[in-house]
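Content type compact mmCIF, C-alpha atoms, from the file start_24.txt:
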```txt
# COMPACT_ATOMS: atom_id res chain seq x y z
CA MET A 678 108.55 89.04 102.84
CA MET A 679 105.59 90.90 101.39
CA LYS A 680 102.18 89.70 102.51
CA LEU A 681 99.22 89.51 100.15
CA VAL A 682 95.66 88.79 101.18
CA LEU A 683 93.34 87.02 98.75
CA ALA A 684 89.90 88.53 99.24
CA THR A 685 87.83 85.45 98.51
CA HIS A 686 86.26 82.50 100.30
CA ASN A 687 86.38 80.40 97.13
CA LYS A 688 88.85 77.57 97.68
CA ASP A 689 89.01 76.72 93.99
CA LYS A 690 90.12 80.25 93.14
CA ILE A 691 92.64 80.20 95.98
CA THR A 692 94.16 77.00 94.60
CA GLU A 693 94.51 78.50 91.12
CA ILE A 694 95.99 81.75 92.36
CA LYS A 695 98.44 80.10 94.76
CA SER A 696 99.56 77.78 91.99
CA LEU A 697 100.35 80.65 89.66
CA LEU A 698 102.05 82.91 92.17
CA GLN A 699 104.02 80.19 93.96
CA GLU A 700 107.41 81.20 92.57
CA LEU A 701 107.16 84.72 93.95
CA PRO A 702 108.62 85.53 97.38
CA ILE A 703 105.21 86.52 98.69
CA GLU A 704 103.37 85.19 101.72
CA ILE A 705 99.82 84.60 100.54
CA LEU A 706 97.18 84.92 103.24
CA THR A 707 93.57 83.81 102.95
CA PHE A 708 90.41 83.97 105.03
CA SER A 709 91.60 81.08 107.21
CA ASP A 710 94.43 83.31 108.53
CA PHE A 711 92.01 85.86 109.99
CA ASP A 712 89.42 85.89 112.76
CA HIS A 713 87.17 88.32 110.99
CA PHE A 714 86.90 87.98 107.24
CA PRO A 715 83.55 89.02 105.79
CA ASP A 716 81.94 87.44 102.77
CA VAL A 717 81.59 90.59 100.67
CA ILE A 718 78.32 90.90 98.75
CA GLU A 719 78.95 91.23 95.01
CA ASP A 720 76.26 93.74 94.16
CA ARG A 721 78.05 95.91 91.60
CA ASN A 722 77.11 95.77 87.95
CA THR A 723 80.63 95.26 86.58
CA LEU A 724 83.36 92.71 87.21
CA GLU A 725 85.72 95.53 88.14
CA GLY A 726 83.20 96.98 90.58
CA ASN A 727 82.80 93.68 92.39
CA ALA A 728 86.53 92.91 92.47
CA GLU A 729 87.28 96.43 93.74
CA LYS A 730 84.62 96.16 96.44
CA LYS A 731 86.01 92.86 97.72
CA ALA A 732 89.65 93.94 97.68
CA ARG A 733 88.83 97.31 99.28
CA GLU A 734 86.81 95.80 102.11
CA ILE A 735 89.50 93.25 102.95
CA PHE A 736 92.23 95.89 102.66
CA ASN A 737 90.32 98.14 105.07
CA ILE A 738 90.05 95.30 107.60
CA THR A 739 93.53 93.82 107.32
CA GLY A 740 95.54 96.88 106.33
CA MET A 741 97.58 94.58 104.08
CA PRO A 742 97.94 94.52 100.28
CA SER A 743 94.78 92.80 99.08
CA MET A 744 93.71 91.24 95.82
CA ALA A 745 90.34 90.12 94.53
CA ASP A 746 89.01 88.92 91.24
CA ASP A 747 85.61 88.69 89.69
CA THR A 748 84.87 86.45 86.77
CA GLY A 749 81.99 86.26 84.35
CA LEU A 750 80.99 84.10 81.42
CA PHE A 751 79.56 86.22 78.60
CA VAL A 752 77.53 84.25 76.07
CA ASP A 753 76.92 85.92 72.69
CA ALA A 754 73.57 84.24 72.04
CA LEU A 755 72.28 85.42 75.42
CA ASP A 756 73.34 89.05 74.90
CA GLY A 757 76.23 88.64 77.29
CA GLU A 758 74.41 86.78 80.03
CA PRO A 759 75.09 85.43 82.62
CA GLY A 760 78.01 87.91 82.71
CA VAL A 761 78.52 89.62 86.02
CA PHE A 762 75.84 87.37 87.51
CA SER A 763 77.53 84.10 86.51
CA SER A 764 78.02 82.76 90.04
CA ARG A 765 74.34 83.18 90.89
CA TYR A 766 72.77 82.55 87.50
CA ALA A 767 70.37 79.93 88.83
CA GLY A 768 69.63 81.94 91.98
CA GLU A 769 71.20 82.64 95.37
CA ASN A 770 73.08 79.86 97.16
CA VAL A 771 73.14 77.57 94.17
CA THR A 772 75.79 75.03 93.19
CA TYR A 773 78.10 75.23 90.21
CA GLU A 774 76.02 72.40 88.74
CA ASP A 775 72.75 74.35 89.08
CA ASN A 776 74.27 77.19 87.08
CA ARG A 777 75.58 74.88 84.37
CA LYS A 778 72.24 73.09 84.07
CA LYS A 779 70.41 76.37 83.69
CA LEU A 780 72.82 77.59 81.02
CA LEU A 781 72.63 74.33 79.03
CA ASP A 782 68.86 74.48 79.27
CA GLU A 783 68.66 78.12 78.10
CA MET A 784 70.84 77.19 75.12
CA LYS A 785 69.42 73.82 74.18
CA ASP A 786 67.99 75.05 70.87
CA ILE A 787 70.98 77.16 69.83
CA HIS A 788 73.03 75.90 66.89
CA VAL A 789 76.63 74.89 67.53
CA GLU A 790 77.92 77.78 65.43
CA LYS A 791 76.07 80.36 67.51
CA ARG A 792 77.34 79.24 70.91
CA ASP A 793 80.35 81.55 71.19
CA ALA A 794 81.21 82.74 74.68
CA VAL A 795 84.01 84.56 76.44
CA PHE A 796 85.27 84.14 79.96
CA LYS A 797 86.53 87.37 81.53
CA THR A 798 88.38 87.92 84.78
CA VAL A 799 89.16 91.28 86.31
CA ILE A 800 91.69 91.38 89.14
CA VAL A 801 92.00 94.38 91.43
CA PHE A 802 95.14 94.59 93.56
CA ILE A 803 95.15 97.27 96.24
CA LYS A 804 98.73 97.85 97.29
CA ASN A 805 98.01 100.63 99.78
CA ASN A 806 95.70 103.60 100.23
CA GLU A 807 97.26 105.32 97.25
CA GLU A 808 98.02 102.62 94.69
CA LYS A 809 95.75 100.25 92.84
CA TYR A 810 96.24 97.98 89.85
CA VAL A 811 93.48 96.63 87.64
CA VAL A 812 94.07 93.93 85.03
CA GLU A 813 91.79 91.90 82.82
CA GLY A 814 92.18 88.57 81.11
CA GLU A 815 89.86 86.83 78.71
CA CYS A 816 89.51 83.51 76.96
CA LYS A 817 87.26 82.82 73.99
CA GLY A 818 85.42 79.55 73.44
CA TYR A 819 81.95 78.17 73.09
CA ILE A 820 79.30 76.52 75.23
CA GLY A 821 79.07 72.77 74.57
CA PHE A 822 75.89 70.70 74.63
CA GLU A 823 76.96 68.58 77.56
CA GLU A 824 79.43 68.44 80.42
CA LYS A 825 82.85 66.97 79.84
CA GLY A 826 85.86 66.55 82.16
CA GLU A 827 86.32 66.30 85.90
CA MET A 828 88.79 69.09 86.69
CA GLY A 829 88.30 72.80 87.25
CA PHE A 830 85.12 74.27 88.70
CA GLY A 831 82.19 76.51 87.84
CA TYR A 832 81.31 76.51 84.17
CA ASP A 833 84.53 74.71 83.18
CA PRO A 834 82.83 71.41 82.13
CA ILE A 835 80.66 73.17 79.51
CA PHE A 836 83.15 75.78 78.27
CA TYR A 837 85.00 74.41 75.24
CA LEU A 838 88.02 75.65 73.35
CA LYS A 839 87.40 76.02 69.63
CA GLU A 840 90.71 74.77 68.29
CA SER A 841 90.67 71.53 70.22
CA ASN A 842 87.05 71.01 71.26
CA ILE A 843 88.18 70.12 74.75
CA SER A 844 86.54 71.62 77.80
CA PHE A 845 88.26 73.60 80.55
CA ALA A 846 87.42 70.73 82.91
CA GLU A 847 89.66 68.47 80.87
CA LEU A 848 92.71 70.67 81.37
CA PRO A 849 95.26 70.11 84.11
CA LEU A 850 95.59 73.20 86.31
CA GLU A 851 99.00 74.15 84.91
CA GLU A 852 97.69 74.08 81.35
CA LYS A 853 94.51 75.92 82.30
CA ASN A 854 96.52 78.66 84.04
CA ARG A 855 98.49 79.17 80.84
CA ILE A 856 95.49 80.01 78.65
CA SER A 857 92.50 80.78 80.84
CA HIS A 858 90.98 84.20 81.57
CA ARG A 859 92.06 84.03 85.22
CA GLY A 860 95.48 82.68 84.25
CA ARG A 861 96.04 85.53 81.81
CA ALA A 862 94.95 88.15 84.30
CA LEU A 863 97.14 86.55 86.97
CA GLN A 864 100.15 86.58 84.66
CA LYS A 865 99.70 90.33 84.28
CA ILE A 866 99.33 90.95 88.00
CA LYS A 867 102.31 88.67 88.61
CA LYS A 868 104.49 91.04 86.58
CA VAL A 869 103.21 93.93 88.67
CA LEU A 870 103.99 92.04 91.88
CA GLU A 871 107.47 91.17 90.63
CA THR A 872 108.33 94.82 90.05
CA ILE A 873 106.88 95.82 93.42
CA ILE A 874 109.00 93.26 95.24
CA LYS A 875 112.19 94.51 93.64
CA MET B 845 109.93 104.81 72.19
CA MET B 846 106.68 104.39 74.10
CA LYS B 847 104.03 106.99 73.42
CA LEU B 848 101.83 108.39 76.17
CA VAL B 849 98.84 110.65 75.63
CA LEU B 850 97.92 113.19 78.31
CA ALA B 851 94.14 113.36 78.37
CA THR B 852 93.76 117.00 79.27
CA HIS B 853 93.42 120.41 77.63
CA ASN B 854 94.90 122.12 80.68
CA LYS B 855 98.27 123.60 79.69
CA ASP B 856 99.31 124.15 83.29
CA LYS B 857 98.85 120.46 84.08
CA ILE B 858 100.70 119.51 80.89
CA THR B 859 103.65 121.67 81.95
CA GLU B 860 103.80 120.04 85.39
CA ILE B 861 103.50 116.51 84.05
CA LYS B 862 106.06 117.00 81.27
CA SER B 863 108.46 118.50 83.78
CA LEU B 864 108.24 115.50 86.07
CA LEU B 865 108.38 112.81 83.41
CA GLN B 866 111.07 114.44 81.28
CA GLU B 867 113.82 111.99 82.20
CA LEU B 868 111.85 108.99 80.99
CA PRO B 869 112.31 107.72 77.43
CA ILE B 870 108.65 108.37 76.65
CA GLU B 871 107.17 110.48 73.88
CA ILE B 872 104.46 112.55 75.52
CA LEU B 873 101.60 113.52 73.24
CA THR B 874 98.93 116.09 74.00
CA PHE B 875 95.76 117.42 72.41
CA SER B 876 97.78 119.54 69.98
CA ASP B 877 99.11 116.35 68.35
CA PHE B 878 95.64 115.17 67.35
CA ASP B 879 92.94 116.38 64.98
CA HIS B 880 90.13 115.12 67.14
CA PHE B 881 90.58 115.43 70.88
CA PRO B 882 87.35 115.93 72.84
CA ASP B 883 87.07 117.93 76.02
CA VAL B 884 85.65 115.19 78.23
CA ILE B 885 82.90 116.27 80.61
CA GLU B 886 83.87 115.59 84.22
CA ASP B 887 80.50 114.48 85.54
CA ARG B 888 81.50 111.67 87.89
CA ASN B 889 81.24 112.10 91.64
CA THR B 890 84.78 110.98 92.47
CA LEU B 891 88.23 112.10 91.34
CA GLU B 892 88.95 108.54 90.19
CA GLY B 893 85.71 108.42 88.21
CA ASN B 894 86.56 111.63 86.34
CA ALA B 895 90.19 110.66 85.71
CA GLU B 896 89.12 107.23 84.47
CA LYS B 897 86.50 108.73 82.17
CA LYS B 898 88.99 111.14 80.60
CA ALA B 899 91.75 108.55 80.15
CA ARG B 900 89.32 105.94 78.79
CA GLU B 901 87.78 108.28 76.22
CA ILE B 902 91.17 109.42 74.91
CA PHE B 903 92.46 105.83 74.91
CA ASN B 904 89.43 104.75 72.88
CA ILE B 905 90.07 107.49 70.32
CA THR B 906 93.86 107.27 70.03
CA GLY B 907 94.44 103.61 70.82
CA MET B 908 97.57 104.69 72.71
CA PRO B 909 98.46 104.47 76.40
CA SER B 910 96.59 107.36 77.98
CA MET B 911 96.80 109.13 81.29
CA ALA B 912 94.50 111.56 83.02
CA ASP B 913 94.31 113.12 86.43
CA ASP B 914 91.64 114.77 88.44
CA THR B 915 92.38 117.00 91.37
CA GLY B 916 90.28 118.36 94.17
CA LEU B 917 90.76 120.64 97.13
CA PHE B 918 88.96 119.28 100.19
CA VAL B 919 88.39 121.84 102.93
CA ASP B 920 87.61 120.50 106.41
CA ALA B 921 85.47 123.45 107.49
CA LEU B 922 83.32 123.07 104.36
CA ASP B 923 82.75 119.34 104.85
CA GLY B 924 85.14 118.51 102.06
CA GLU B 925 83.96 121.08 99.54
CA PRO B 926 84.77 122.09 96.84
CA GLY B 927 86.27 118.57 96.42
CA VAL B 928 85.48 116.93 93.12
CA PHE B 929 83.86 120.18 91.95
CA SER B 930 86.95 122.33 92.60
CA SER B 931 87.47 123.45 89.00
CA ARG B 932 83.90 124.70 88.68
CA TYR B 933 83.29 125.85 92.26
CA ALA B 934 82.12 129.30 91.19
CA GLY B 935 80.12 127.94 88.25
CA GLU B 936 80.70 126.73 84.70
CA ASN B 937 83.34 128.47 82.55
CA VAL B 938 84.84 130.39 85.44
CA THR B 939 88.44 131.48 85.93
CA TYR B 940 90.85 130.19 88.56
CA GLU B 941 90.44 133.57 90.21
CA ASP B 942 86.65 133.28 90.41
CA ASN B 943 87.03 129.99 92.27
CA ARG B 944 89.61 131.39 94.68
CA LYS B 945 87.46 134.45 95.40
CA LYS B 946 84.44 132.30 96.16
CA LEU B 947 86.43 130.07 98.49
CA LEU B 948 87.98 133.00 100.36
CA ASP B 949 84.52 134.53 100.69
CA GLU B 950 82.93 131.32 101.99
CA MET B 951 85.69 131.08 104.60
CA LYS B 952 86.06 134.69 105.60
CA ASP B 953 84.73 134.10 109.13
CA ILE B 954 86.60 130.88 109.81
CA HIS B 955 89.40 130.99 112.36
CA VAL B 956 92.94 130.34 111.19
CA GLU B 957 93.12 127.11 113.17
CA LYS B 958 90.04 125.68 111.45
CA ARG B 959 91.17 126.25 107.88
CA ASP B 960 92.79 122.85 107.25
CA ALA B 961 92.52 121.52 103.72
CA VAL B 962 93.94 118.73 101.64
CA PHE B 963 94.74 118.68 97.96
CA LYS B 964 94.22 115.28 96.32
CA THR B 965 95.13 114.08 92.87
CA VAL B 966 94.12 110.77 91.36
CA ILE B 967 95.91 109.66 88.21
CA VAL B 968 94.52 106.91 86.01
CA PHE B 969 96.91 105.41 83.47
CA ILE B 970 95.34 103.10 80.90
CA LYS B 971 98.11 101.04 79.36
CA ASN B 972 95.91 98.95 77.10
CA ASN B 973 92.49 97.32 77.07
CA GLU B 974 93.52 94.99 79.85
CA GLU B 975 95.75 96.98 82.20
CA LYS B 976 95.05 100.05 84.26
CA TYR B 977 96.93 101.78 87.08
CA VAL B 978 95.40 104.12 89.62
CA VAL B 979 97.47 106.18 92.02
CA GLU B 980 96.69 108.94 94.46
CA GLY B 981 98.75 111.69 95.99
CA GLU B 982 97.82 114.19 98.63
CA CYS B 983 99.22 117.27 100.29
CA LYS B 984 97.96 118.78 103.52
CA GLY B 985 97.84 122.49 104.21
CA TYR B 986 95.42 125.27 105.02
CA ILE B 987 93.49 127.98 103.23
CA GLY B 988 95.00 131.41 103.81
CA PHE B 989 93.09 134.68 104.13
CA GLU B 990 94.56 136.20 101.01
CA GLU B 991 96.40 135.38 97.83
CA LYS B 992 100.17 135.13 97.83
CA GLY B 993 102.67 134.24 95.11
CA GLU B 994 102.67 134.42 91.33
CA MET B 995 103.52 130.87 90.28
CA GLY B 996 101.37 127.77 89.94
CA PHE B 997 97.70 127.90 89.00
CA GLY B 998 94.25 127.17 90.33
CA TYR B 999 94.00 127.41 94.11
CA ASP B 1000 97.79 127.60 94.55
CA PRO B 1001 97.87 131.26 95.72
CA ILE B 1002 95.56 130.53 98.68
CA PHE B 1003 96.80 127.06 99.64
CA TYR B 1004 99.47 127.37 102.33
CA LEU B 1005 101.87 124.86 103.81
CA LYS B 1006 101.69 124.68 107.59
CA GLU B 1007 105.36 124.30 108.37
CA SER B 1008 106.49 127.30 106.38
CA ASN B 1009 103.35 129.39 105.85
CA ILE B 1010 104.24 129.80 102.22
CA SER B 1011 101.69 129.28 99.48
CA PHE B 1012 101.94 126.84 96.57
CA ALA B 1013 102.12 129.86 94.27
CA GLU B 1014 105.42 130.84 95.90
CA LEU B 1015 107.06 127.53 95.04
CA PRO B 1016 109.18 127.01 91.93
CA LEU B 1017 107.80 124.16 89.82
CA GLU B 1018 110.60 121.78 90.75
CA GLU B 1019 109.98 122.28 94.45
CA LYS B 1020 106.22 122.07 94.02
CA ASN B 1021 106.55 118.78 92.11
CA ARG B 1022 108.52 117.35 95.01
CA ILE B 1023 105.81 117.84 97.63
CA SER B 1024 102.49 118.53 95.92
CA HIS B 1025 99.55 116.17 95.55
CA ARG B 1026 100.06 115.98 91.77
CA GLY B 1027 103.81 115.64 92.19
CA ARG B 1028 103.40 112.74 94.63
CA ALA B 1029 100.92 110.96 92.40
CA LEU B 1030 103.19 111.54 89.40
CA GLN B 1031 106.18 110.10 91.25
CA LYS B 1032 104.16 106.91 91.81
CA ILE B 1033 103.04 106.66 88.22
CA LYS B 1034 106.60 107.42 87.11
CA LYS B 1035 107.76 104.26 88.89
CA VAL B 1036 105.05 102.30 87.11
CA LEU B 1037 106.12 103.75 83.76
CA GLU B 1038 109.77 102.95 84.46
CA THR B 1039 109.00 99.27 85.05
CA ILE B 1040 106.79 99.12 81.95
CA ILE B 1041 109.52 100.57 79.74
CA LYS B 1042 112.04 97.99 80.90
```
How does the structure come out when it is put into structure tokens?
Amino acid sequence: MMKLVLATHNKDKITEIKSLLQELPIEILTFSDFDHFPDVIEDRNTLEGNAEKKAREIFNITGMPSMADDTGLFVDALDGEPGVFSSRYAGENVTYEDNRKKLLDEMKDIHVEKRDAVFKTVIVFIKNNEEKYVVEGECKGYIGFEEKGEMGFGYDPIFYLKESNISFAELPLEEKNRISHRGRALQKIKKVLETIIK
Amino acid sequence: MMKLVLATHNKDKITEIKSLLQELPIEILTFSDFDHFPDVIEDRNTLEGNAEKKAREIFNITGMPSMADDTGLFVDALDGEPGVFSSRYAGENVTYEDNRKKLLDEMKDIHVEKRDAVFKTVIVFIKNNEEKYVVEGECKGYIGFEEKGEMGFGYDPIFYLKESNISFAELPLEEKNRISHRGRALQKIKKVLETIIK
């Protein structure tokens, strides 16, 4: 059975990814399966750069097919911020809640019709030294004025879908995987994995 | 039928690529099929960076799946030179022959056992805005002391295979495609294209 290492320490991401790839005959390994598994510093200025750096470093250590993602929330009214810096918007070593609070605060005077935002995920899958796959998924919505919902993680409680006005944190994981940025990117990489397994 | 644009003006590369992908049900388009087809400046410091830049620019103009490669000859005794600068080793707007002459001259005092070199090709295939494939192929050999053979192009007449001591310029295209850096990379991307077509 093919092994695949997820190059992340984020347990929420691991849960989402495992959920979506569970039907595939792939053994998914994570940091807890290794003695040495560095926390790669995300210092590139693009999502792809960060995802590539993480996947490459873990591939170099484990020698196994490795996959990493990087996700950003791009808010129109803030010229695309927090973007590639989404996970440390409120500073280093902050909580998801700190980031959400800062974003709500920055946007407190912005009219509901100018709160458009897009979530983007780039996944880099390094199969071996000579083959790499890069996919992107996005999901459009807007930033609400307050938190809603208890599921998900990160910015999910303040990211709302336009059609329904429900937040990502109100969506069960299965439903979120169907329409979210990470879900869409994972569906694409899943097709790649399926053809590789064959 | 799927269309695929080759993001290059190099007719020798086009010949090699068309030859290897001819069995696939893909319509291969080249610069001669378009009114506007820029000659993209290869100013990145990696093969992947240059290939990505070329494929991206042509994809942005044509809106069709686009593919580009970049190739370099990495010579051990020259610390990896000419590498990413192989096509302009002797300067801008030089001929293949100028580059070969400069390389032979730089290496004229280097012993036959220290003339190892590796040809590398990186191919970037941009399927759409959200999916990208990157593959690499390499071929190990050595730099001879003189030119041999009439086929191929570029550094082929001075790049020799160790087992047989024949140069790339002595190989018929079919045989070259089987073992060369570009051939190996193309075989990988061919598999990707086959699964996409299905």
Checklist entry - Using all atoms listed in the file, which residue out of A:Ile803, A:Ala767, A:Leu870, A:Val811 lies closest to chain B? => result A:Val811
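Taking only C-alpha atoms into account, those protein, DNA and RNA residues with any atom at most 8 Å away from (92.3, 74.0, 76.2) amount to Tyr837, Leu838, Ser841, Asn842, Ile843, Ser844, Phe845, Glu847, Leu848, Glu852, Lys853 and Ile856 of chain A.
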Item to check | Test item: chain A residues at most 6 Å from chain B, counting all atoms listed in the file, as a list in words | outcome: Glu807, Glu808, Lys809, Tyr810, Val811, Val812 and Glu813 of chain A
Checklist entry - Which residues, written as a list of chain:residue names, have at least one atom at most 12 Å from Arg792 in chain A, with all atoms listed in the file counted and residues fewer than 6 positions away on the same chain left out? => result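 Once the nearby chain positions are removed, what remains is A:Phe751, A:Val752, A:Asp753, A:Ala754, A:Leu755, A:Asp756, A:Gly757, A:Leu780, A:Leu781, A:Glu783, A:Met784, A:Lys785, A:Asp786, A:Lys817, A:Gly818, A:Tyr819, A:Ile820, A:Gly821, A:Phe822, A:Ile835, A:Phe836, A:Tyr837, A:Leu838, A:Lys839.
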Checklist outcome for this item: As a check of understanding: the span from CA of Lys855 in chain B to CA of Asn889 in chain B is 23.8 Å
Checklist entry - How many Å lie between CA of Asp747 in chain A and CA of Pro909 in chain B, rounded to one decimal? => result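 Going from CA of Asp747 in chain A over to CA of Pro909 in chain B, I get 24.3 Å.
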Report as a CSV table (one decimal) with C-alpha atoms, keeping the file's coordinate frame all protein, DNA and RNA residues lying within 6 Å of range 861-877 of chain B, evaluated on all atoms listed in the file, omitting residues in the same chain fewer than 2 positions from it.
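The result, stored in selection.csv:
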```csv
chain,number,residue,atom,x,y,z
B,845,MET,CA,109.9,104.8,72.2
B,846,MET,CA,106.7,104.4,74.1
B,847,LYS,CA,104.0,107.0,73.4
B,848,LEU,CA,101.8,108.4,76.2
B,849,VAL,CA,98.8,110.6,75.6
B,850,LEU,CA,97.9,113.2,78.3
B,858,ILE,CA,100.7,119.5,80.9
B,859,THR,CA,103.6,121.7,82.0
B,881,PHE,CA,90.6,115.4,70.9
```
Item to check | Distance of CA of Asp879 in chain B from CA of Gly996 in chain B, expressed in Å to one decimal place | outcome: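 So the answer is 28.7 Å.
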Checklist entry - Which one is closest to Asn1021 in chain B: B:Cys983, B:Lys1042, B:Glu901, B:Thr906? Count all atoms listed in the file. => result B:Cys983
Output as lines of an AutoDock Vina configuration file the centre and edge lengths (Å, one decimal) of the box along x, y and z of the file that holds every listed atom of range 852-861 of chain B after adding 6 Å on each side.
```
center_x = 98.6
center_y = 120.3
center_z = 81.5
size_x = 22.4
size_y = 19.6
size_z = 19.8
```
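Between Glu990 in chain B and the residues B:Met908, B:Leu891, B:Val956, B:Val962, the shortest atom-to-atom distance, using only C-alpha atoms, involves B:Val956.
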